[in-house]
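Peer 1: Next comes the structure file model.cif, holding mmCIF, C-alpha atoms and all ligand atoms.
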data_entry
loop_
_atom_site.label_atom_id
_atom_site.label_comp_id
_atom_site.auth_asym_id
_atom_site.auth_seq_id
_atom_site.Cartn_x
_atom_site.Cartn_y
_atom_site.Cartn_z
CA MET A 20 -18.65 0.62 1.40
CA LYS A 21 -15.68 2.55 0.13
CA PHE A 22 -12.99 4.65 1.68
CA LEU A 23 -11.83 7.99 0.33
CA GLN A 24 -8.87 8.92 2.48
CA THR A 25 -7.04 7.51 5.43
CA TYR A 26 -4.50 9.37 7.56
CA CYS A 27 -1.93 8.06 9.94
CA VAL A 28 0.61 10.01 11.99
CA LEU A 29 3.80 8.21 12.99
CA ASP A 30 6.67 9.10 15.27
CA ARG A 31 10.34 8.30 14.63
CA GLU A 32 9.94 4.80 16.10
CA LEU A 33 7.04 4.24 13.65
CA ARG A 34 4.51 4.17 16.46
CA ILE A 35 1.00 5.09 15.33
CA LEU A 36 0.07 8.29 17.17
CA TRP A 37 -3.16 9.11 15.39
CA VAL A 38 -5.33 7.78 12.59
CA GLY A 39 -8.18 9.53 10.82
CA GLY A 40 -10.30 9.91 7.73
CA ASP A 41 -11.98 6.67 6.74
CA TRP A 42 -9.47 4.55 8.63
CA ASP A 43 -11.95 2.22 10.31
CA GLU A 44 -14.01 1.63 7.16
CA PHE A 45 -10.85 0.80 5.28
CA ALA A 46 -9.51 -1.40 8.07
CA LEU A 47 -12.70 -3.42 8.38
CA GLU A 48 -12.96 -3.92 4.66
CA ASN A 49 -9.34 -4.86 4.10
CA GLN A 50 -7.75 -6.16 7.25
CA GLY A 51 -10.56 -6.90 9.66
CA PRO A 52 -11.39 -5.71 13.17
CA ALA A 53 -7.81 -6.11 14.44
CA ALA A 54 -6.82 -3.05 12.41
CA VAL A 55 -9.42 -0.52 13.60
CA ALA A 56 -8.19 2.68 15.25
CA ASN A 57 -8.60 1.61 18.86
CA GLU A 58 -6.54 -1.51 18.24
CA VAL A 59 -3.62 0.09 16.40
CA LEU A 60 -3.04 3.37 18.25
CA SER A 61 0.31 3.34 20.07
CA THR A 62 1.38 0.16 18.30
CA LYS A 63 4.13 0.09 15.68
CA LEU A 64 3.12 0.37 12.04
CA ASP A 65 5.55 -2.30 10.92
CA ASP A 66 3.83 -4.85 13.17
CA HIS A 67 0.75 -4.53 10.96
CA ILE A 68 2.41 -4.96 7.57
CA VAL A 69 2.23 -8.48 6.19
CA GLY A 70 5.19 -9.74 4.17
CA GLU A 71 8.87 -9.05 4.73
CA ASP A 72 9.61 -7.19 1.50
CA THR A 73 6.49 -5.03 1.82
CA ARG A 74 7.46 -4.18 5.38
CA SER A 75 11.01 -3.23 4.46
CA ALA A 76 9.79 -1.15 1.48
CA VAL A 77 7.41 0.87 3.65
CA ILE A 78 10.08 1.34 6.31
CA GLY A 79 12.53 2.46 3.60
CA LEU A 80 10.06 5.08 2.35
CA LEU A 81 9.36 6.35 5.87
CA GLU A 82 13.06 6.53 6.74
CA ALA A 83 13.74 8.53 3.56
CA VAL A 84 11.04 11.05 4.52
CA PHE A 85 12.29 11.32 8.10
CA GLU A 86 15.85 11.86 6.93
CA THR A 87 15.27 14.23 4.02
CA GLN A 88 12.18 16.01 5.45
CA LYS A 89 10.68 15.83 1.96
CA GLU A 90 7.44 14.33 0.74
CA ILE A 91 7.20 11.06 -1.24
CA LYS A 92 4.17 10.22 -3.38
CA LEU A 93 3.52 6.86 -5.01
CA ASP A 94 0.65 5.33 -6.94
CA CYS A 95 -0.55 1.99 -5.71
CA ARG A 96 -3.62 -0.20 -5.68
CA CYS A 97 -5.95 -1.29 -2.89
CA ASP A 98 -8.35 -3.54 -4.78
CA SER A 99 -11.24 -5.36 -3.20
CA PRO A 100 -12.78 -8.48 -4.76
CA ARG A 101 -15.33 -6.25 -6.51
CA HIS A 102 -13.42 -3.07 -7.21
CA LEU A 103 -10.24 -1.94 -8.85
CA ARG A 104 -9.07 0.97 -6.69
CA ARG A 105 -6.24 3.29 -7.60
CA VAL A 106 -4.75 4.99 -4.59
CA GLN A 107 -2.09 7.60 -4.10
CA LEU A 108 0.11 7.03 -1.10
CA SER A 109 1.84 10.13 0.21
CA ILE A 110 4.24 10.36 3.12
CA ARG A 111 4.85 13.90 4.35
CA PRO A 112 7.17 15.25 7.00
CA MET A 113 5.55 17.03 9.94
CA LYS A 114 7.02 19.10 12.72
CA ASP A 115 8.36 17.45 15.86
CA ASN A 116 9.91 14.60 13.85
CA ARG A 117 6.66 13.00 12.82
CA VAL A 118 5.31 11.94 9.45
CA LEU A 119 1.81 11.88 8.01
CA MET A 120 0.93 8.94 5.79
CA VAL A 121 -2.11 9.44 3.54
CA HIS A 122 -3.93 6.95 1.32
CA ASP A 123 -6.03 8.91 -1.13
CA LEU A 124 -8.52 7.06 -3.33
CA ARG A 125 -8.21 8.38 -6.88
CA ASP A 126 -10.26 6.04 -9.01
CA VAL A 127 -12.67 3.13 -8.54
CA GLN A 128 -13.89 0.75 -11.24
CA SER A 129 -15.99 -2.36 -10.84
CA PHE A 130 -14.35 -5.54 -12.04
CA VAL A 131 -16.32 -6.94 -14.96
CA LYS A 132 -16.73 -10.17 -13.03
CA PRO A 133 -16.23 -9.86 -9.25
CA PHE A 134 -13.66 -12.18 -7.71
CA GLY A 135 -14.28 -14.31 -4.67
CA ASN A 136 -12.61 -13.20 -1.46
CA TRP A 137 -8.93 -13.97 -1.16
CA HIS A 138 -6.95 -14.31 2.02
CA TYR A 139 -3.33 -14.29 3.13
CA ARG A 140 -1.53 -17.56 3.71
CA HIS A 141 2.21 -17.48 4.34
CA ASP A 142 2.88 -20.64 2.34
CA ALA A 143 0.45 -20.01 -0.54
CA THR A 144 1.83 -20.85 -3.97
CA ALA A 145 0.23 -17.75 -5.50
CA ALA A 146 1.86 -14.38 -4.82
CA LYS A 147 0.14 -10.99 -4.80
CA CYS A 148 1.99 -7.69 -4.98
CA SER A 149 1.03 -5.46 -2.05
CA PHE A 150 1.59 -2.31 -4.10
CA CYS A 151 0.12 -2.96 -7.57
CA ASN A 152 -2.02 -5.99 -6.58
CA ALA A 153 -0.76 -8.03 -9.56
CA VAL A 154 -0.80 -11.80 -9.10
CA ARG A 155 1.76 -14.44 -10.02
CA GLN A 156 0.87 -18.11 -10.01
CA ASP A 157 3.18 -21.10 -10.27
CA GLY A 158 6.21 -18.91 -10.87
CA GLY A 159 4.70 -17.46 -14.07
CA VAL A 160 4.45 -13.81 -15.08
CA TRP A 161 2.81 -11.06 -13.04
CA ILE A 162 -0.75 -10.47 -14.19
CA ALA A 163 -2.83 -7.40 -13.33
CA PRO A 164 -6.01 -8.36 -11.45
CA GLU A 165 -8.26 -7.02 -14.22
CA ALA A 166 -6.65 -9.50 -16.62
CA LEU A 167 -7.15 -12.54 -14.37
CA GLU A 168 -9.77 -15.17 -15.14
CA THR A 169 -10.05 -16.15 -11.50
CA HIS A 170 -8.26 -14.84 -8.44
CA PRO A 171 -6.42 -17.39 -6.31
CA THR A 172 -8.14 -17.73 -2.92
CA ALA A 173 -4.90 -17.91 -0.92
CA VAL A 174 -2.01 -15.56 -1.62
CA ARG A 175 1.32 -14.57 -0.12
CA TYR A 176 1.86 -10.82 -0.05
CA VAL A 177 5.12 -9.83 -1.70
CA MET A 178 6.31 -7.07 -3.98
CA CYS A 179 6.74 -7.53 -7.70
CA GLU A 180 9.98 -6.46 -9.38
CA THR A 181 8.31 -3.41 -10.98
CA CYS A 182 7.12 -2.11 -7.64
CA GLN A 183 10.45 -2.83 -5.96
CA GLY A 184 12.10 -0.75 -8.68
CA GLN A 185 9.49 1.96 -8.34
CA ILE A 186 9.99 2.26 -4.61
CA ALA A 187 13.77 2.16 -4.86
CA GLU A 188 13.53 4.96 -7.44
CA ALA A 189 11.23 7.03 -5.20
CA ILE A 190 13.68 6.69 -2.31
CA THR A 191 16.72 7.50 -4.45
CA ALA A 192 14.98 10.48 -6.05
CA VAL A 193 13.97 12.07 -2.75
CA ARG A 194 17.47 11.56 -1.37
CA GLU A 195 18.96 13.13 -4.53
CA ASN A 196 16.40 15.95 -4.40
CA ARG A 197 14.99 15.29 -7.87
CA LYS A 198 11.69 14.11 -9.36
CA PRO A 199 11.30 10.33 -9.64
CA ALA A 200 11.05 8.67 -13.04
CA ARG A 201 7.48 8.27 -14.26
CA SER A 202 5.30 5.86 -12.34
CA LEU A 203 4.98 2.38 -13.78
CA VAL A 204 2.61 1.17 -11.09
CA ASN A 205 -1.13 1.39 -11.00
CA GLY A 206 -1.94 0.65 -14.59
CA TYR A 207 -0.80 4.07 -15.83
CA GLY A 208 2.44 2.79 -17.29
CA PRO A 209 3.54 -0.17 -19.42
CA GLN A 210 1.88 -2.69 -17.09
CA SER A 211 -1.58 -1.73 -18.35
ZN ZN B 1 3.67 -4.64 -8.00
#
Could you quickly redo this structure as structure tokens?
Peer 2:
Amino acid sequence: MKFLQTYCVLDRELRILWVGGDWDEFALENQGPAAVANEVLSTKLDDHIVGEDTRSAVIGLLEAVFETQKEIKLDCRCDSPRHLRRVQLSIRPMKDNRVLMVHDLRDVQSFVKPFGNWHYRHDATAAKCSFCNAVRQDGGVWIAPEALETHPTAVRYVMCETCQGQIAEAITAVRENRKPARSLVNGYGPQS
């Protein structure tokens, strides 16, 4: 099973007004039945984002789009244990003070050796970046999933320094009405 696109319309309070595309397929594969359309409509998006720095990054991006009425696009990853998946996230202003958030699958590759399933645990020693999916164990360096021997089974979801910088740059650029510096996320930049 693979998703191609998911759509989500949010109001100014970040309530989910509508979801579409392959939302349910993606939800079931990645977050389980609690995230399917019927369960999330009319709830707040930020209640579904795991990890404090991921939540504040997404809120920061949404606020920048609401305030500037300009689109933000970012490359990120939504890997599964079997597949490396490059995704473009775009957040676009809509009329009536709403935004459309789109996850658009750009590229899928099978991992040479599939990983076992991993799960979130708030006190896990291993950290996984929600945006680029890199993993850091025992306070070491961030390693891209495709370079891992084995994937830790329990991870905390955080954001790596590269992605924090990338998101801060995207927000600053849209507020300054200029193009952001080249993406470093997603294996297209120096991380690869
Ligand atoms: Zn990252």
Peer 1: A:Ile35, A:Cys97, A:Val193, A:Ile68: which is nearest Glu48 (chain A), counting all atoms listed in the file?
Peer 2: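 Selected residue with least distance to Glu48 (chain A): A:Cys97.
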Peer 1: Between A:Ile91, A:Ala76, A:Asp123, A:Pro100, which residue has the minimum interatomic distance to Tyr26 (chain A), considering only C-alpha atoms?
Peer 2: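 Ranked by minimum distance to Tyr26 (chain A), first place goes to A:Asp123.
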Peer 1: Give me the residues within 12 Å of Leu29 (chain A) as a PyMOL selection string, counting all atoms listed in the file and dropping any in the same chain fewer than 4 places off.
Peer 2: chain A and resi 33-38+59-65+78+81-82+84-85+110-121
Peer 1: Show which residues sit within 10 Å of Thr144 (chain A), as a list in words. Count all atoms listed in the file, and ignore same-chain residues fewer than 5 positions away.
Peer 2: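 Here the answer would be Arg155, Gln156, Asp157, Gly158, Pro171, Ala173, Val174 and Arg175 of chain A.
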Peer 1: Counting only C-alpha atoms and all ligand atoms, what are the residues, protein, DNA or RNA alike, that approach ligand ZN 1 (chain B) to within 9 Å? I want them as number ranges by chain.
Peer 2: A: 95-96, 147-154, 161, 163, 177-183, 185, 204-205
Peer 1: Could you give me, as a PDB file with C-alpha atoms, in the frame of the given file, the residues that sit within 7 Å of (-11.0, 9.7, -2.3) in the file's coordinates, counting only C-alpha atoms?
Peer 2:
ATOM      1  CA  PHE A  22     -12.990   4.650   1.680  1.00  0.00           C
ATOM      2  CA  LEU A  23     -11.830   7.990   0.330  1.00  0.00           C
ATOM      3  CA  GLN A  24      -8.870   8.920   2.480  1.00  0.00           C
ATOM      4  CA  ASP A 123      -6.030   8.910  -1.130  1.00  0.00           C
ATOM      5  CA  LEU A 124      -8.520   7.060  -3.330  1.00  0.00           C
ATOM      6  CA  ARG A 125      -8.210   8.380  -6.880  1.00  0.00           C
TER       7      ARG A 125
END
Peer 1: Take the point (-9.3, -11.4, -3.2) in the file's coordinates, draw a sphere of radius 9 Å around it, and report as a list in words every protein, DNA or RNA residue with an atom inside or on it, counting all atoms listed in the file.
Peer 2: Asp98, Ser99, Pro100, Arg101, Phe134, Gly135, Asn136, Trp137, His138, His170, Pro171, Thr172, Ala173 and Val174 of chain A
Peer 1: To one decimal in Å, tell me the separation between CA of Tyr176 (chain A) and CA of Pro164 (chain A).
Peer 2: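 It comes out at 14.1 Å.
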Peer 1: Restricting the calculation to all atoms listed in the file, which member of A:Asp126, A:Glu44, A:Glu32, A:Asp94 is positioned closest to Ile186 (chain A)?
Peer 2: A:Asp94
Peer 1: Could you pull the residues within 8 Å of region 187-192 of chain A, counting only C-alpha atoms, minus those fewer than 2 positions along the same chain, as a list of chain:residue names?
Peer 2: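 Neighbouring residues, sequence-local ones excluded: A:Gly79, A:Leu80, A:Ala83, A:Ile91, A:Lys92, A:Leu93, A:Gln183, A:Gly184, A:Gln185, A:Arg194, A:Glu195, A:Asn196, A:Arg197, A:Lys198, A:Pro199, A:Ala200.
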Peer 1: Using CA of Ala54 (chain A) and CA of Gly39 (chain A) as the two end points, give the distance in Å to one decimal.
Peer 2: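 That distance, rounded to one decimal, is 12.8 Å.
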Peer 1: If I take CA of Glu165 (chain A) and CA of Val127 (chain A), how far is one from the other in Å, to one decimal?
Peer 2: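 Atom-to-atom, CA of Glu165 (chain A) and CA of Val127 (chain A) are spaced 12.4 Å apart.
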Peer 1: Taking all atoms listed in the file into account, which of A:Glu71, A:Asp43, A:Glu86, A:Glu168 comes nearest Glu58 (chain A)?
Peer 2: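 Checking each of A:Glu71, A:Asp43, A:Glu86, A:Glu168 against Glu58 (chain A), counting all atoms listed in the file, the winner is A:Asp43.
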